[in-house]
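Coordinates as given in protein07.cif (mmCIF, C-alpha atoms):
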data_protein
#
loop_
_atom_site.label_atom_id
_atom_site.label_comp_id
_atom_site.auth_asym_id
_atom_site.auth_seq_id
_atom_site.Cartn_x
_atom_site.Cartn_y
_atom_site.Cartn_z
CA MET A 183 -19.44 193.96 167.41
CA ASN A 184 -22.28 196.37 168.04
CA LEU A 185 -22.31 199.71 166.31
CA ILE A 186 -21.62 202.70 168.52
CA GLU A 187 -23.89 205.70 168.18
CA GLU A 188 -22.44 208.25 165.77
CA LYS A 189 -21.75 211.78 166.97
CA THR A 190 -23.18 214.72 165.05
CA THR A 191 -19.81 216.48 164.80
CA MET A 192 -16.94 214.27 163.72
CA MET A 193 -13.30 214.99 164.51
CA PHE A 194 -10.92 212.20 163.62
CA ASN A 195 -7.82 211.66 165.72
CA TYR A 196 -6.28 209.52 162.98
CA ILE A 197 -7.07 208.82 159.35
CA PHE A 198 -5.50 205.61 158.04
CA ILE A 199 -5.07 205.63 154.25
CA LEU A 200 -4.58 202.29 152.47
CA GLU A 201 -4.27 201.29 148.84
CA ALA A 202 -7.43 199.24 148.28
CA LYS A 203 -10.59 197.76 149.80
CA ASN A 204 -8.99 194.49 150.90
CA ASP A 205 -6.26 196.37 152.75
CA VAL A 206 -8.88 198.51 154.50
CA VAL A 207 -10.92 195.49 155.60
CA PHE A 208 -7.80 193.74 156.90
CA LEU A 209 -6.68 196.72 158.99
CA LYS A 210 -10.21 197.20 160.34
CA ASP A 211 -10.45 193.57 161.43
CA PHE A 212 -6.89 193.63 162.78
CA ILE A 213 -7.66 196.63 164.98
CA LEU A 214 -10.93 195.17 166.25
CA GLU A 215 -9.16 191.91 167.17
CA ASN A 216 -6.06 193.43 168.77
CA TYR A 217 -7.56 196.53 170.40
CA LYS A 218 -10.69 195.27 172.10
CA ASN A 219 -11.74 198.71 173.33
CA TYR A 220 -12.50 199.82 169.75
CA GLY A 221 -15.85 199.33 168.07
CA ILE A 222 -17.36 200.20 164.71
CA LEU A 223 -18.87 203.66 164.65
CA LYS A 224 -19.86 203.66 161.00
CA ALA A 225 -19.27 201.57 157.86
CA LYS A 226 -19.20 203.59 154.65
CA ALA A 227 -19.45 201.36 151.58
CA GLU A 228 -16.74 198.65 151.52
CA ASP A 229 -13.64 200.77 151.74
CA GLU A 230 -14.19 203.15 154.64
CA PHE A 231 -14.82 202.49 158.32
CA TRP A 232 -14.99 204.72 161.38
CA LEU A 233 -13.86 203.13 164.65
CA LYS A 234 -14.13 204.54 168.16
CA ASN A 235 -13.00 203.88 171.70
CA ASN A 236 -13.60 206.01 174.79
CA ASP A 237 -11.41 208.91 173.67
CA LYS A 238 -10.39 208.40 170.02
CA ILE A 239 -12.22 208.30 166.70
CA ILE A 240 -10.33 206.92 163.72
CA ASN A 241 -11.08 206.65 160.02
CA ILE A 242 -9.79 203.78 157.87
CA ARG A 243 -10.19 204.29 154.12
CA SER A 244 -8.68 203.60 150.72
CA THR A 245 -7.20 206.18 148.36
CA LYS A 246 -10.37 206.08 146.28
CA SER A 247 -12.29 209.35 146.21
CA ASP A 248 -15.41 210.83 144.62
CA GLU A 249 -13.19 212.30 141.93
CA SER A 250 -11.40 209.01 141.26
CA LYS A 251 -13.19 205.66 141.44
CA SER A 252 -9.99 203.61 141.58
CA GLY A 253 -7.56 203.08 144.44
CA GLY A 254 -3.87 202.32 144.38
CA TRP A 255 -1.03 204.04 146.20
CA ASN A 256 -0.44 206.65 143.49
CA ASN A 257 -4.05 207.83 143.71
CA PHE A 258 -3.12 209.29 147.10
CA GLU A 259 -1.98 212.39 145.22
CA ASN A 260 -5.51 212.93 143.87
CA LEU A 261 -7.19 212.13 147.18
CA VAL A 262 -5.30 214.74 149.21
CA LYS A 263 -6.29 217.44 146.72
CA THR A 264 -10.03 216.89 147.13
CA ALA A 265 -12.26 219.19 149.14
CA ASN A 266 -14.01 216.21 150.76
CA PHE A 267 -10.74 214.89 152.15
CA HIS A 268 -9.77 218.24 153.62
CA LYS A 269 -13.17 218.42 155.32
CA MET A 270 -12.14 215.31 157.26
CA LEU A 271 -9.08 217.04 158.69
CA SER A 272 -9.04 219.00 161.92
CA PRO A 273 -6.29 220.45 164.14
CA ILE A 274 -6.13 217.14 166.06
CA THR A 275 -5.97 214.87 162.98
CA LYS A 276 -2.88 212.89 161.99
CA VAL A 277 -2.85 210.96 158.71
CA ILE A 278 -1.28 207.48 158.78
CA VAL A 279 -0.32 206.20 155.33
CA VAL A 280 -0.23 202.38 155.17
CA PHE A 281 0.94 201.17 151.75
CA ASP A 282 2.60 198.04 150.37
CA ALA A 283 6.39 198.14 150.63
CA ASP A 284 6.84 196.76 147.08
CA GLU A 285 10.57 196.30 147.62
CA ASP A 286 10.57 194.01 144.58
CA LYS A 287 9.61 196.98 142.37
CA ILE A 288 11.15 200.28 141.34
CA GLN A 289 8.34 202.07 143.16
CA ASN A 290 9.57 200.85 146.53
CA ILE A 291 9.57 202.33 150.04
CA ASN A 292 12.04 205.13 149.31
CA HIS A 293 10.20 206.11 146.14
CA LYS A 294 6.83 206.13 147.86
CA LYS A 295 8.13 208.11 150.84
CA ASN A 296 9.44 210.81 148.53
CA GLU A 297 6.19 211.00 146.58
CA ILE A 298 4.00 211.02 149.70
CA THR A 299 6.04 213.82 151.25
CA LYS A 300 5.82 215.82 148.04
CA TRP A 301 2.05 215.36 147.70
CA ILE A 302 1.31 216.27 151.32
CA ASP A 303 3.52 219.36 151.02
CA ASN A 304 3.43 220.13 154.76
CA LYS A 305 -0.35 220.58 154.68
CA PHE A 306 -0.96 218.15 157.56
CA GLU A 307 0.88 215.87 159.97
CA PHE A 308 1.49 212.32 158.81
CA ASP A 309 3.32 209.06 159.42
CA THR A 310 3.95 206.02 157.22
CA PHE A 311 4.02 202.25 157.55
CA PHE A 312 4.87 199.93 154.68
CA ILE A 313 3.22 196.51 154.85
CA PRO A 314 4.16 193.91 155.88
CA PHE A 315 7.30 194.61 157.93
CA ASN A 316 8.19 198.24 157.20
CA ASP A 317 11.64 197.29 155.88
CA ASN A 318 13.48 196.65 152.63
CA LYS A 319 12.69 192.92 152.77
CA SER A 320 8.96 193.59 152.54
CA ILE A 321 6.69 193.05 149.56
CA ASP A 322 2.94 193.52 150.10
CA LEU A 323 -0.15 192.66 152.11
CA GLU A 324 -0.41 189.25 150.44
CA GLN A 325 3.00 188.32 151.83
CA LEU A 326 1.64 189.00 155.31
CA LEU A 327 -1.72 187.33 154.72
CA GLU A 328 -0.08 184.02 153.78
CA LEU A 329 1.49 184.07 157.25
CA CYS A 330 -2.00 184.50 158.70
CA PHE A 331 -3.48 181.30 157.22
CA SER A 332 -4.95 179.05 159.90
CA LYS A 333 -5.21 176.23 157.36
CA LYS A 334 -1.53 175.86 156.51
CA GLU A 335 -2.20 172.82 154.35
CA PHE A 336 -3.88 175.15 151.84
CA VAL A 337 -0.45 176.37 150.66
CA GLU A 338 0.64 172.86 149.66
CA CYS A 339 -2.69 172.24 147.91
CA TYR A 340 -2.36 175.48 145.94
CA ASN A 341 1.22 174.67 144.96
CA ASN A 342 0.03 171.30 143.66
CA LEU A 343 -2.60 173.09 141.58
CA LYS A 344 0.07 175.38 140.12
CA LYS A 345 2.26 172.41 139.28
CA CYS A 346 -0.61 170.59 137.58
CA VAL A 347 -1.61 173.59 135.45
CA LEU A 348 2.00 174.27 134.51
CA GLU A 349 2.50 170.65 133.40
CA LYS A 350 -0.75 170.53 131.41
CA ASP A 351 -0.76 173.90 129.68
CA ASN A 352 2.52 175.60 130.62
CA LEU A 353 0.54 178.46 132.18
CA GLN A 354 2.08 180.59 134.89
CA ILE A 355 -0.13 181.12 137.95
CA SER A 356 0.64 183.81 140.47
CA LYS A 357 1.20 182.18 143.84
CA ASN A 358 0.92 185.38 145.82
CA LYS A 359 -2.25 187.21 144.84
CA GLY A 360 -3.94 184.18 143.25
CA MET A 361 -3.51 182.04 146.34
CA ILE A 362 -4.65 184.78 148.72
CA VAL A 363 -7.76 185.56 146.67
CA THR A 364 -8.68 181.86 146.49
CA TYR A 365 -8.19 181.39 150.24
CA ARG A 366 -10.05 184.58 151.12
CA GLU A 367 -13.02 183.76 148.90
CA ASN A 368 -13.40 180.32 150.49
CA TYR A 369 -12.44 181.03 154.10
CA THR A 370 -14.17 184.24 155.04
CA ASN A 371 -17.16 185.47 156.98
CA ASN A 372 -20.36 187.00 155.67
CA ASN A 373 -18.97 190.50 155.18
CA GLN A 374 -15.81 189.31 153.37
CA GLY A 375 -13.73 190.07 156.42
CA TYR A 376 -11.09 187.98 158.14
CA SER A 377 -12.86 185.33 160.21
CA LEU A 378 -10.84 184.15 163.21
CA ASP A 379 -11.75 180.57 162.28
CA TYR A 380 -9.51 180.81 159.22
CA TRP A 381 -7.15 183.74 159.83
CA LYS A 382 -4.56 184.21 162.59
CA ILE A 383 -4.77 187.98 162.97
CA ASN A 384 -4.07 188.22 166.69
CA ALA A 385 -0.58 189.65 167.19
CA GLY A 386 -0.36 187.90 170.55
CA THR A 387 -0.25 184.50 168.85
CA ASN A 388 1.06 185.37 165.38
CA THR A 389 4.57 186.82 165.54
CA ALA A 390 4.40 187.91 161.88
CA LEU A 391 2.06 190.69 163.01
CA LYS A 392 4.30 192.08 165.76
CA THR A 393 5.85 194.83 163.64
CA LEU A 394 2.46 196.17 162.56
CA LYS A 395 1.09 195.91 166.10
CA ASN A 396 4.07 197.73 167.62
CA PHE A 397 3.64 200.55 165.11
CA LEU A 398 -0.09 200.90 165.81
CA ASP A 399 0.40 200.80 169.59
CA GLN A 400 1.76 204.34 169.57
CA TYR A 401 -1.54 205.60 168.15
CA LEU A 402 -4.24 203.21 169.33
CA ASN A 403 -3.30 202.40 172.95
#

Can you present the structure in this file as structure tokens?
Amino acid sequence: MNLIEEKTTMMFNYIFILEAKNDVVFLKDFILENYKNYGILKAKAEDEFWLKNNDKIINIRSTKSDESKSGGWNNFENLVKTANFHKMLSPITKVIVVFDADEDKIQNINHKKNEITKWIDNKFEFDTFFIPFNDNKSIDLEQLLELCFSKKEFVECYNNLKKCVLEKDNLQISKNKGMIVTYRENYTNNNQGYSLDYWKINAGTNTALKTLKNFLDQYLN
């Protein structure tokens, strides 16, 4: 998609905050595929993108900041304290926090909601969505990405690899992150995004994406 000319003065309608680079790239590609009126205004490094349609400008970024070179959900506390982040805010800006649900961990949705609310401390308006399904059966982005594989046979192949390694050396291989990384590194496009040849990221044909799409509709339509 062609870049749209950047305005001199930037006022973001929405700032989407995600945990890491891969999450940012997924949401960027998801929006471009499902909201055709949006285009890329600016790409900043690998973990920040500005998108624009006729009346909205949005920022999609990770929790990484100049003061902290790492991401992760708990770095959100550091990000919202930085002067550079507050420069991005305006009276029209709403912050949308999109983190993994991690309902298999102690730091789950309820824990994260409490921490996010505490860190924001009524300084700006915000909303939250917890990937993949915004409920207490959710785990993380990788859970959703597996449901976006176009090449479904890859899952069986990867499970056979796990079985072989386990039988030979009794090594445990992570199915979730390991499988997603392997698939993404082999079935991607030139900018490490989510090529439609290998990823089903259109919510009109992939029902696993409906919950995320319905949430975003209230902001992006």

Restrict the calculation to all atoms listed in the file, then for each residue of region 267-356 of chain A with any atom at most 10 Å from an atom of region 232-244 of chain A give the closest atom pair and their distance in Å to one decimal, rows by chain and rising residue number, as CSV.
residue,atom,partner,partner_atom,distance
A:Met270,CA,A:Asn241,CA,9.2
A:Thr275,CA,A:Ile240,CA,9.1
A:Lys276,CA,A:Ile240,CA,9.7
A:Val277,CA,A:Asn241,CA,9.4
A:Ile278,CA,A:Ile242,CA,9.3
A:Val279,CA,A:Ser244,CA,9.9
A:Val280,CA,A:Ser244,CA,9.6
A:Phe281,CA,A:Ser244,CA,10.0

Hits of the PyMOL selection byres ((chain A and resi 210-225) around 9) in this structure, as a ChimeraX atom specification
/A:183-189,205-209,226-236,238-239,242,375-378,383-386,395,398,402-403

Selected residues written out with C-alpha atoms, as a compact mmCIF listing (two decimals), in the coordinates of the input:
# COMPACT_ATOMS: atom_id res chain seq x y z
CA MET A 183 -19.44 193.96 167.41
CA ASN A 184 -22.28 196.37 168.04
CA LEU A 185 -22.31 199.71 166.31
CA ILE A 186 -21.62 202.70 168.52
CA GLU A 187 -23.89 205.70 168.18
CA GLU A 188 -22.44 208.25 165.77
CA LYS A 189 -21.75 211.78 166.97
CA ASP A 205 -6.26 196.37 152.75
CA VAL A 206 -8.88 198.51 154.50
CA VAL A 207 -10.92 195.49 155.60
CA PHE A 208 -7.80 193.74 156.90
CA LEU A 209 -6.68 196.72 158.99
CA LYS A 226 -19.20 203.59 154.65
CA ALA A 227 -19.45 201.36 151.58
CA GLU A 228 -16.74 198.65 151.52
CA ASP A 229 -13.64 200.77 151.74
CA GLU A 230 -14.19 203.15 154.64
CA PHE A 231 -14.82 202.49 158.32
CA TRP A 232 -14.99 204.72 161.38
CA LEU A 233 -13.86 203.13 164.65
CA LYS A 234 -14.13 204.54 168.16
CA ASN A 235 -13.00 203.88 171.70
CA ASN A 236 -13.60 206.01 174.79
CA LYS A 238 -10.39 208.40 170.02
CA ILE A 239 -12.22 208.30 166.70
CA ILE A 242 -9.79 203.78 157.87
CA GLY A 375 -13.73 190.07 156.42
CA TYR A 376 -11.09 187.98 158.14
CA SER A 377 -12.86 185.33 160.21
CA LEU A 378 -10.84 184.15 163.21
CA ILE A 383 -4.77 187.98 162.97
CA ASN A 384 -4.07 188.22 166.69
CA ALA A 385 -0.58 189.65 167.19
CA GLY A 386 -0.36 187.90 170.55
CA LYS A 395 1.09 195.91 166.10
CA LEU A 398 -0.09 200.90 165.81
CA LEU A 402 -4.24 203.21 169.33
CA ASN A 403 -3.30 202.40 172.95

Specify as a CSV table (one decimal) with C-alpha atoms, in the coordinates of the input each residue included when the PyMOL selection byres ((chain A and resi 310) around 12) is applied to this file.
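The new file result_30.csv reads:
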chain,number,residue,atom,x,y,z
A,197,ILE,CA,-7.1,208.8,159.4
A,198,PHE,CA,-5.5,205.6,158.0
A,199,ILE,CA,-5.1,205.6,154.2
A,200,LEU,CA,-4.6,202.3,152.5
A,276,LYS,CA,-2.9,212.9,162.0
A,277,VAL,CA,-2.8,211.0,158.7
A,278,ILE,CA,-1.3,207.5,158.8
A,279,VAL,CA,-0.3,206.2,155.3
A,280,VAL,CA,-0.2,202.4,155.2
A,281,PHE,CA,0.9,201.2,151.8
A,282,ASP,CA,2.6,198.0,150.4
A,283,ALA,CA,6.4,198.1,150.6
A,291,ILE,CA,9.6,202.3,150.0
A,292,ASN,CA,12.0,205.1,149.3
A,294,LYS,CA,6.8,206.1,147.9
A,295,LYS,CA,8.1,208.1,150.8
A,296,ASN,CA,9.4,210.8,148.5
A,297,GLU,CA,6.2,211.0,146.6
A,298,ILE,CA,4.0,211.0,149.7
A,299,THR,CA,6.0,213.8,151.2
A,307,GLU,CA,0.9,215.9,160.0
A,308,PHE,CA,1.5,212.3,158.8
A,309,ASP,CA,3.3,209.1,159.4
A,311,PHE,CA,4.0,202.2,157.6
A,312,PHE,CA,4.9,199.9,154.7
A,313,ILE,CA,3.2,196.5,154.8
A,315,PHE,CA,7.3,194.6,157.9
A,316,ASN,CA,8.2,198.2,157.2
A,317,ASP,CA,11.6,197.3,155.9
A,394,LEU,CA,2.5,196.2,162.6
A,397,PHE,CA,3.6,200.6,165.1
A,398,LEU,CA,-0.1,200.9,165.8

Enclose all atoms of region 376-393 of chain A listed in the file in an axis-aligned box, grow every side by 4 Å, and hand back centre and edge lengths in Å to one decimal, as JSON.
{"center_x": -3.5, "center_y": 187.7, "center_z": 164.3, "size_x": 26.7, "size_y": 22.3, "size_z": 20.4}

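One distance worth recording is that between CA of Val363 (chain A) and CA of Trp255 (chain A), which is 19.7 Å.
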
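Across A:Lys300, A:Lys333, A:Lys287, A:Lys344, the tightest approach to Asn318 (chain A) is made by A:Lys287 when counting all atoms listed in the file.
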
Between CA of Glu367 (chain A) and CA of Lys251 (chain A), what distance in Å does the model show, to one decimal?
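We find that CA of Glu367 (chain A) and CA of Lys251 (chain A) lie 23.1 Å from each other.
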
What is the distance between CA of Thr364 (chain A) and CA of Asp284 (chain A), in Å to one decimal?
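These two atoms are separated by 21.5 Å.
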
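For the choices A:Glu259, A:Glu338, A:Asp303, A:Asp286, the atom-to-atom distance to Ser247 (chain A) is smallest for A:Glu259 when using all atoms listed in the file.
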
Please enumerate the residues selected by the PyMOL selection byres ((chain A and resi 260) around 9) when evaluated against the supplied file, formatted as a list in words.
Thr245, Lys246, Ser247, Glu249, Ser250, Asn256, Asn257, Phe258, Glu259, Leu261, Val262, Lys263, Thr264 and Trp301 of chain A

Nearest residue to Tyr196 (chain A) out of A:Asn358, A:Asn266, A:Ser272, A:Ser320, using all atoms listed in the file?
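Counting all atoms listed in the file, the residue closest to Tyr196 (chain A) is A:Ser272.
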
Non-local contacts of Pro273 (chain A) (10 Å; only C-alpha atoms; under 5 positions in same chain excluded) as a PyMOL selection string:
chain A and resi 193-195+306-307

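Comparing the minimum interatomic distances between Leu327 (chain A) and each of A:Asn204, A:Asn304, A:Thr387, A:Asn290, counting only C-alpha atoms, we find that A:Asn204 sits nearest.
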